Number of protein chains: 2
Amino acid sequence: MDGDSEEGIDLLSFAVRLRRMTAEFNRIAHEFAHEHGLHPTDVQALMKIFDAPSPITPSRLREELNLTSGAITACLDRLERAGHIRRVRDAHDRRVVHLHYLDAAQELAAVFFRPLGRGTDNVLRRFGPEELRTVATFLDAMNEELDALRAAPGSR
Amino acid sequence: MDGDSEEGIDLLSFAVRLRRMTAEFNRIAHEFAHEHGLHPTDVQALMKIFDAPSPITPSRLREELNLTSGAITACLDRLERAGHIRRVRDAHDRRVVHLHYLDAAQELAAVFFRPLGRGTDNVLRRFGPEELRTVATFLDAMNEELDALRAAPGSR
DNA sequence: TTAAGTATCTCAATGATTGAGTTAAAGTAG
DNA sequence: CTACTTTAACTCAATCATTGAGATACTTAA
């Protein structure tokens, strides 16, 4: 683990590092969900609803979370019943529903992300602007690559 | 997304990037699990069993995945029934079980990680040794920080 | 030997997810 | 305008993973 010589970095270990980080995020989300009487799926859905640049629809959520429409409806029912979101029918195409988050969800998100954000900030503070740019570029590249993987399921 | 000036990087966006990456990993794992008749939990467990430096125990897995012992037992039953793992009783402490993965699991992992690994390599190739070291340091720091978060649940 | 502690497993109850099918609204062709 | 197709969201019975409480078996310390 410490054995990276100055000439190159062990490429394989990147996969392990990324896997570990993902697993750790999941574990935290899982724990958080349990503490707040939600289901892991609900937390995932809430994050998606939050991060969407404009109000997301159930279909889009279905794609993002890779669930069936039945599961999405149930998940949204739970979130709506708990006062986290609201369903709004589109005026022009009345088949589609837009998902808006409410104050309760915003507060919940704050509670969830505060310690996580503190942790991330602790890490980011150790890096210079140049390094941060490198990391950001890396993350963006990974996200593009993962999107490509999603788009090309044939290669799996 | 492109708007980072040369003087500093938007710190908040790191959280979004990380969240997106985690979600994308999850979606891929979920999809893969479904295609291979496994459950998302089983895939998570298999990854943990793989990444463990020495054979892991059910208890440890319980901590890692944040599940109850009943769920772990059921998960291991499924994996064992499908021929992915084997339970081995410890000779000295016969309450303890060690989890070994079998050939079927190794093949499954190869199928799972090959496209993912290709994608990661595509990304890594774009960076120089110095930059790779920076990214690795960042990931390690994040993992330490996440571990710390796990250890201190009181702050949540 | 006894008591306490630990690792794993069992099982009934709960409840999220699936998969098939339904409803309603848009688009499209004739 | 009418019939056909497509799409968005929902309903519901069946399935099956997870929980939570407890049982079992082994270990360690007193």
# chains A, B, ... in the order shown; residues from 1 in each chain; ligands from 1
call {"tool": "interface_residues", "arguments": {"of": "chain A", "to": "chain C", "cutoff": "10 Å", "atoms": "only C-alpha atoms (C1' of nucleotides)", "output": "list in words"}}
result
His39, Thr41, Leu67, Thr68, Ser69, Gly70, Ala71, Ile72, Ala74, Cys75, Asp93, Arg94, Arg95 and Val96 of chain A
call {"tool": "write_last_selection", "arguments": {"atoms": "N, CA and C atoms", "output": "compact mmCIF listing (two decimals), in the first residue's frame"}}
result
# COMPACT_ATOMS: atom_id res chain seq x y z
N HIS A 39 -35.67 3.97 3.96
CA HIS A 39 -35.03 2.82 3.35
C HIS A 39 -33.88 3.31 2.49
N THR A 41 -33.10 2.80 -0.42
CA THR A 41 -33.60 3.26 -1.71
C THR A 41 -34.13 4.69 -1.63
N LEU A 67 -34.69 0.62 -11.05
CA LEU A 67 -35.77 -0.10 -10.40
C LEU A 67 -36.95 -0.18 -11.36
N THR A 68 -37.93 -0.98 -11.01
CA THR A 68 -39.13 -1.06 -11.82
C THR A 68 -40.06 0.09 -11.45
N SER A 69 -41.03 0.34 -12.32
CA SER A 69 -41.91 1.48 -12.07
C SER A 69 -42.70 1.28 -10.78
N GLY A 70 -43.05 0.04 -10.50
CA GLY A 70 -43.77 -0.25 -9.25
C GLY A 70 -42.98 0.15 -8.03
N ALA A 71 -41.71 -0.18 -8.06
CA ALA A 71 -40.85 0.16 -6.92
C ALA A 71 -40.72 1.66 -6.77
N ILE A 72 -40.61 2.36 -7.90
CA ILE A 72 -40.48 3.81 -7.86
C ILE A 72 -41.74 4.44 -7.27
N ALA A 74 -43.85 3.14 -5.23
CA ALA A 74 -43.89 2.85 -3.79
C ALA A 74 -42.91 3.76 -3.04
N CYS A 75 -41.73 3.91 -3.60
CA CYS A 75 -40.70 4.75 -2.99
C CYS A 75 -41.19 6.19 -2.89
N ASP A 93 -48.06 18.26 -20.57
CA ASP A 93 -48.21 16.82 -20.78
C ASP A 93 -48.67 16.22 -19.45
N ARG A 94 -49.96 16.00 -19.35
CA ARG A 94 -50.50 15.65 -18.04
C ARG A 94 -50.24 14.20 -17.66
N ARG A 95 -49.47 13.48 -18.48
CA ARG A 95 -49.04 12.15 -18.04
C ARG A 95 -47.85 12.26 -17.10
N VAL A 96 -47.06 13.30 -17.29
CA VAL A 96 -45.79 13.35 -16.55
C VAL A 96 -45.95 14.06 -15.21
call {"tool": "calpha_fit_and_write", "arguments": {"fixed": "chain B", "moving": "chain A", "output": "mmCIF file with C-alpha atoms, in the first residue's frame"}}
result
data_model
loop_
_atom_site.group_PDB
_atom_site.id
_atom_site.type_symbol
_atom_site.label_atom_id
_atom_site.label_comp_id
_atom_site.auth_asym_id
_atom_site.auth_seq_id
_atom_site.Cartn_x
_atom_site.Cartn_y
_atom_site.Cartn_z
ATOM 1 C CA MET A 1 -19.710 23.238 -14.385
ATOM 2 C CA ASP A 2 -17.020 24.634 -16.676
ATOM 3 C CA GLY A 3 -16.820 27.874 -14.781
ATOM 4 C CA ASP A 4 -13.827 27.085 -12.587
ATOM 5 C CA SER A 5 -11.578 30.057 -12.816
ATOM 6 C CA GLU A 6 -7.820 29.591 -12.598
ATOM 7 C CA GLU A 7 -7.680 30.790 -9.027
ATOM 8 C CA GLY A 8 -9.758 28.154 -7.244
ATOM 9 C CA ILE A 9 -12.132 25.296 -7.662
ATOM 10 C CA ASP A 10 -15.697 25.280 -6.577
ATOM 11 C CA LEU A 11 -15.504 23.124 -3.450
ATOM 12 C CA LEU A 12 -19.186 22.308 -3.247
ATOM 13 C CA SER A 13 -19.146 20.610 -6.601
ATOM 14 C CA PHE A 14 -16.860 17.919 -5.225
ATOM 15 C CA ALA A 15 -19.702 16.519 -3.182
ATOM 16 C CA VAL A 16 -21.896 16.351 -6.264
ATOM 17 C CA ARG A 17 -19.169 14.687 -8.298
ATOM 18 C CA LEU A 18 -18.532 12.080 -5.623
ATOM 19 C CA ARG A 19 -22.225 11.457 -5.133
ATOM 20 C CA ARG A 20 -22.720 11.000 -8.823
ATOM 21 C CA MET A 21 -19.835 8.569 -9.074
ATOM 22 C CA THR A 22 -21.108 6.507 -6.170
ATOM 23 C CA ALA A 23 -24.604 6.408 -7.607
ATOM 24 C CA GLU A 24 -23.258 5.349 -10.970
ATOM 25 C CA PHE A 25 -21.220 2.533 -9.448
ATOM 26 C CA ASN A 26 -24.277 1.382 -7.582
ATOM 27 C CA ARG A 27 -26.428 1.444 -10.656
ATOM 28 C CA ILE A 28 -23.918 -0.657 -12.566
ATOM 29 C CA ALA A 29 -23.600 -3.143 -9.711
ATOM 30 C CA HIS A 30 -27.375 -3.326 -9.424
ATOM 31 C CA GLU A 31 -27.756 -3.979 -13.138
ATOM 32 C CA PHE A 32 -25.007 -6.554 -13.099
ATOM 33 C CA ALA A 33 -26.560 -8.349 -10.162
ATOM 34 C CA HIS A 34 -29.896 -8.527 -11.921
ATOM 35 C CA GLU A 35 -28.353 -9.876 -15.120
ATOM 36 C CA HIS A 36 -26.648 -12.667 -13.196
ATOM 37 C CA GLY A 37 -29.530 -13.649 -10.977
ATOM 38 C CA LEU A 38 -27.942 -12.218 -7.872
ATOM 39 C CA HIS A 39 -29.122 -9.589 -5.453
ATOM 40 C CA PRO A 40 -27.383 -6.261 -5.033
ATOM 41 C CA THR A 41 -26.452 -7.281 -1.523
ATOM 42 C CA ASP A 42 -24.798 -10.441 -2.812
ATOM 43 C CA VAL A 43 -22.632 -8.442 -5.184
ATOM 44 C CA GLN A 44 -21.610 -6.089 -2.399
ATOM 45 C CA ALA A 45 -20.782 -9.033 -0.198
ATOM 46 C CA LEU A 46 -18.761 -10.717 -2.937
ATOM 47 C CA MET A 47 -16.725 -7.578 -3.475
ATOM 48 C CA LYS A 48 -15.974 -7.390 0.220
ATOM 49 C CA ILE A 49 -15.008 -11.035 0.304
ATOM 50 C CA PHE A 50 -12.696 -10.408 -2.625
ATOM 51 C CA ASP A 51 -11.078 -7.257 -1.356
ATOM 52 C CA ALA A 52 -10.411 -8.596 2.112
ATOM 53 C CA PRO A 53 -6.664 -9.184 2.552
ATOM 54 C CA SER A 54 -7.353 -12.400 4.475
ATOM 55 C CA PRO A 55 -10.545 -14.501 4.566
ATOM 56 C CA ILE A 56 -13.270 -12.429 6.143
ATOM 57 C CA THR A 57 -15.837 -13.654 8.689
ATOM 58 C CA PRO A 58 -19.630 -13.223 8.651
ATOM 59 C CA SER A 59 -19.446 -10.843 11.617
ATOM 60 C CA ARG A 60 -16.998 -8.600 9.839
ATOM 61 C CA LEU A 61 -19.190 -8.683 6.770
ATOM 62 C CA ARG A 62 -22.102 -7.740 8.969
ATOM 63 C CA GLU A 63 -20.262 -4.606 10.069
ATOM 64 C CA GLU A 64 -19.122 -3.747 6.580
ATOM 65 C CA LEU A 65 -22.508 -4.097 4.938
ATOM 66 C CA ASN A 66 -24.475 -2.859 7.897
ATOM 67 C CA LEU A 67 -26.919 -5.730 7.903
ATOM 68 C CA THR A 68 -28.262 -7.961 10.634
ATOM 69 C CA SER A 69 -26.784 -11.373 11.235
ATOM 70 C CA GLY A 70 -29.901 -13.000 9.800
ATOM 71 C CA ALA A 71 -29.502 -11.153 6.540
ATOM 72 C CA ILE A 72 -25.828 -12.079 6.351
ATOM 73 C CA THR A 73 -26.571 -15.761 6.908
ATOM 74 C CA ALA A 74 -29.192 -15.682 4.156
ATOM 75 C CA CYS A 75 -26.844 -13.839 1.821
ATOM 76 C CA LEU A 76 -24.045 -16.341 2.441
ATOM 77 C CA ASP A 77 -26.512 -19.204 1.967
ATOM 78 C CA ARG A 78 -27.367 -17.799 -1.455
ATOM 79 C CA LEU A 79 -23.729 -17.309 -2.410
ATOM 80 C CA GLU A 80 -22.788 -20.774 -1.182
ATOM 81 C CA ARG A 81 -25.741 -22.402 -2.935
ATOM 82 C CA ALA A 82 -24.714 -20.665 -6.157
ATOM 83 C CA GLY A 83 -21.194 -22.024 -5.775
ATOM 84 C CA HIS A 84 -19.485 -18.696 -5.270
ATOM 85 C CA ILE A 85 -18.151 -19.161 -1.770
ATOM 86 C CA ARG A 86 -17.393 -21.793 0.840
ATOM 87 C CA ARG A 87 -17.711 -21.575 4.614
ATOM 88 C CA VAL A 88 -14.719 -22.880 6.536
ATOM 89 C CA ARG A 89 -14.780 -23.344 10.297
ATOM 90 C CA ASP A 90 -11.775 -22.019 12.139
ATOM 91 C CA ALA A 91 -9.792 -24.842 13.738
ATOM 92 C CA HIS A 92 -8.844 -22.931 16.865
ATOM 93 C CA ASP A 93 -12.031 -21.033 17.547
ATOM 94 C CA ARG A 94 -14.759 -23.241 16.208
ATOM 95 C CA ARG A 95 -17.396 -20.543 16.540
ATOM 96 C CA VAL A 96 -15.890 -18.520 13.733
ATOM 97 C CA VAL A 97 -16.344 -19.104 10.028
ATOM 98 C CA HIS A 98 -13.970 -17.987 7.300
ATOM 99 C CA LEU A 99 -15.314 -17.161 3.868
ATOM 100 C CA HIS A 100 -13.395 -18.374 0.842
ATOM 101 C CA TYR A 101 -14.386 -17.556 -2.697
ATOM 102 C CA LEU A 102 -14.436 -20.234 -5.362
ATOM 103 C CA ASP A 103 -13.723 -20.325 -9.071
ATOM 104 C CA ALA A 104 -17.273 -19.364 -9.998
ATOM 105 C CA ALA A 105 -16.943 -16.172 -7.996
ATOM 106 C CA GLN A 106 -13.576 -15.396 -9.530
ATOM 107 C CA GLU A 107 -15.010 -15.727 -13.007
ATOM 108 C CA LEU A 108 -17.992 -13.613 -12.092
ATOM 109 C CA ALA A 109 -15.721 -10.950 -10.679
ATOM 110 C CA ALA A 110 -13.676 -10.950 -13.853
ATOM 111 C CA VAL A 111 -16.796 -10.407 -15.936
ATOM 112 C CA PHE A 112 -17.921 -7.672 -13.617
ATOM 113 C CA PHE A 113 -14.649 -5.817 -13.375
ATOM 114 C CA ARG A 114 -13.364 -6.128 -16.909
ATOM 115 C CA PRO A 115 -15.452 -3.327 -18.445
ATOM 116 C CA LEU A 116 -15.177 -1.310 -15.261
ATOM 117 C CA GLY A 117 -11.427 -1.788 -15.241
ATOM 118 C CA ARG A 118 -11.182 -0.827 -18.900
ATOM 119 C CA GLY A 119 -13.110 2.341 -18.172
ATOM 120 C CA THR A 120 -10.889 3.172 -15.236
ATOM 121 C CA ASP A 121 -7.766 2.506 -17.269
ATOM 122 C CA ASN A 122 -9.033 4.796 -20.017
ATOM 123 C CA VAL A 123 -9.250 7.532 -17.454
ATOM 124 C CA LEU A 124 -5.939 6.811 -15.754
ATOM 125 C CA ARG A 125 -4.072 6.843 -19.060
ATOM 126 C CA ARG A 126 -4.840 10.532 -19.458
ATOM 127 C CA PHE A 127 -2.881 11.454 -16.347
ATOM 128 C CA GLY A 128 0.828 11.720 -15.657
ATOM 129 C CA PRO A 129 2.569 9.925 -12.771
ATOM 130 C CA GLU A 130 2.564 13.048 -10.637
ATOM 131 C CA GLU A 131 -1.164 13.551 -11.175
ATOM 132 C CA LEU A 132 -1.915 9.912 -10.511
ATOM 133 C CA ARG A 133 -0.118 10.177 -7.232
ATOM 134 C CA THR A 134 -2.260 13.170 -6.343
ATOM 135 C CA VAL A 135 -5.456 11.299 -7.169
ATOM 136 C CA ALA A 136 -4.349 8.242 -5.203
ATOM 137 C CA THR A 137 -3.524 10.423 -2.225
ATOM 138 C CA PHE A 138 -6.917 12.033 -2.483
ATOM 139 C CA LEU A 139 -8.717 8.693 -2.566
ATOM 140 C CA ASP A 140 -6.712 7.390 0.370
ATOM 141 C CA ALA A 141 -7.462 10.527 2.353
ATOM 142 C CA MET A 142 -11.164 10.204 1.571
ATOM 143 C CA ASN A 143 -11.160 6.606 2.694
ATOM 144 C CA GLU A 144 -9.451 7.492 5.957
ATOM 145 C CA GLU A 145 -11.935 10.272 6.533
ATOM 146 C CA LEU A 146 -14.870 7.969 5.833
ATOM 147 C CA ASP A 147 -13.441 5.415 8.225
ATOM 148 C CA ALA A 148 -13.246 8.135 10.857
ATOM 149 C CA LEU A 149 -16.894 8.995 10.219
ATOM 150 C CA ARG A 150 -17.782 5.383 10.777
ATOM 151 C CA ALA A 151 -15.837 5.260 14.018
ATOM 152 C CA ALA A 152 -17.535 8.400 15.361
ATOM 153 C CA PRO A 153 -21.249 7.884 14.924
ATOM 154 C CA GLY A 154 -21.934 10.224 17.838
ATOM 155 C CA SER A 155 -21.256 13.240 15.680
ATOM 156 C CA ARG A 156 -24.117 12.285 13.430
#
call {"tool": "interface_residues", "arguments": {"of": "chain D", "to": "chain B", "cutoff": "10 Å", "atoms": "only C-alpha atoms (C1' of nucleotides)", "output": "VMD selection string"}}
result
chain D and resid 17 to 20 25 to 27
call {"tool": "select_by_dssp", "arguments": {"residues": "region 39-149 of chain B", "states": "strand (DSSP E)", "output": "VMD selection string"}}
result
chain B and resid 85 to 89 97 to 101
call {"tool": "write_last_selection", "arguments": {"atoms": "N, CA and C atoms", "output": "compact mmCIF listing (two decimals), in the first residue's frame"}}
result
# COMPACT_ATOMS: atom_id res chain seq x y z
N ILE B 85 -19.04 -19.16 -2.99
CA ILE B 85 -18.18 -19.17 -1.80
C ILE B 85 -18.30 -20.50 -1.07
N ARG B 86 -17.42 -20.65 -0.08
CA ARG B 86 -17.45 -21.81 0.77
C ARG B 86 -17.25 -21.34 2.21
N ARG B 87 -17.94 -21.94 3.13
CA ARG B 87 -17.76 -21.61 4.54
C ARG B 87 -16.76 -22.60 5.14
N VAL B 88 -15.77 -22.09 5.83
CA VAL B 88 -14.77 -22.96 6.44
C VAL B 88 -14.67 -22.63 7.93
N ARG B 89 -14.96 -23.64 8.74
CA ARG B 89 -14.87 -23.44 10.19
C ARG B 89 -13.41 -23.29 10.63
N VAL B 97 -16.34 -18.73 11.34
CA VAL B 97 -16.39 -19.21 9.96
C VAL B 97 -15.54 -18.29 9.09
N HIS B 98 -14.73 -18.89 8.23
CA HIS B 98 -13.98 -18.08 7.26
C HIS B 98 -14.60 -18.27 5.89
N LEU B 99 -14.67 -17.17 5.15
CA LEU B 99 -15.32 -17.21 3.84
C LEU B 99 -14.28 -17.24 2.73
N HIS B 100 -14.31 -18.32 1.95
CA HIS B 100 -13.41 -18.44 0.80
C HIS B 100 -14.22 -18.34 -0.48
N TYR B 101 -13.69 -17.62 -1.46
CA TYR B 101 -14.41 -17.57 -2.73
C TYR B 101 -13.90 -18.68 -3.64
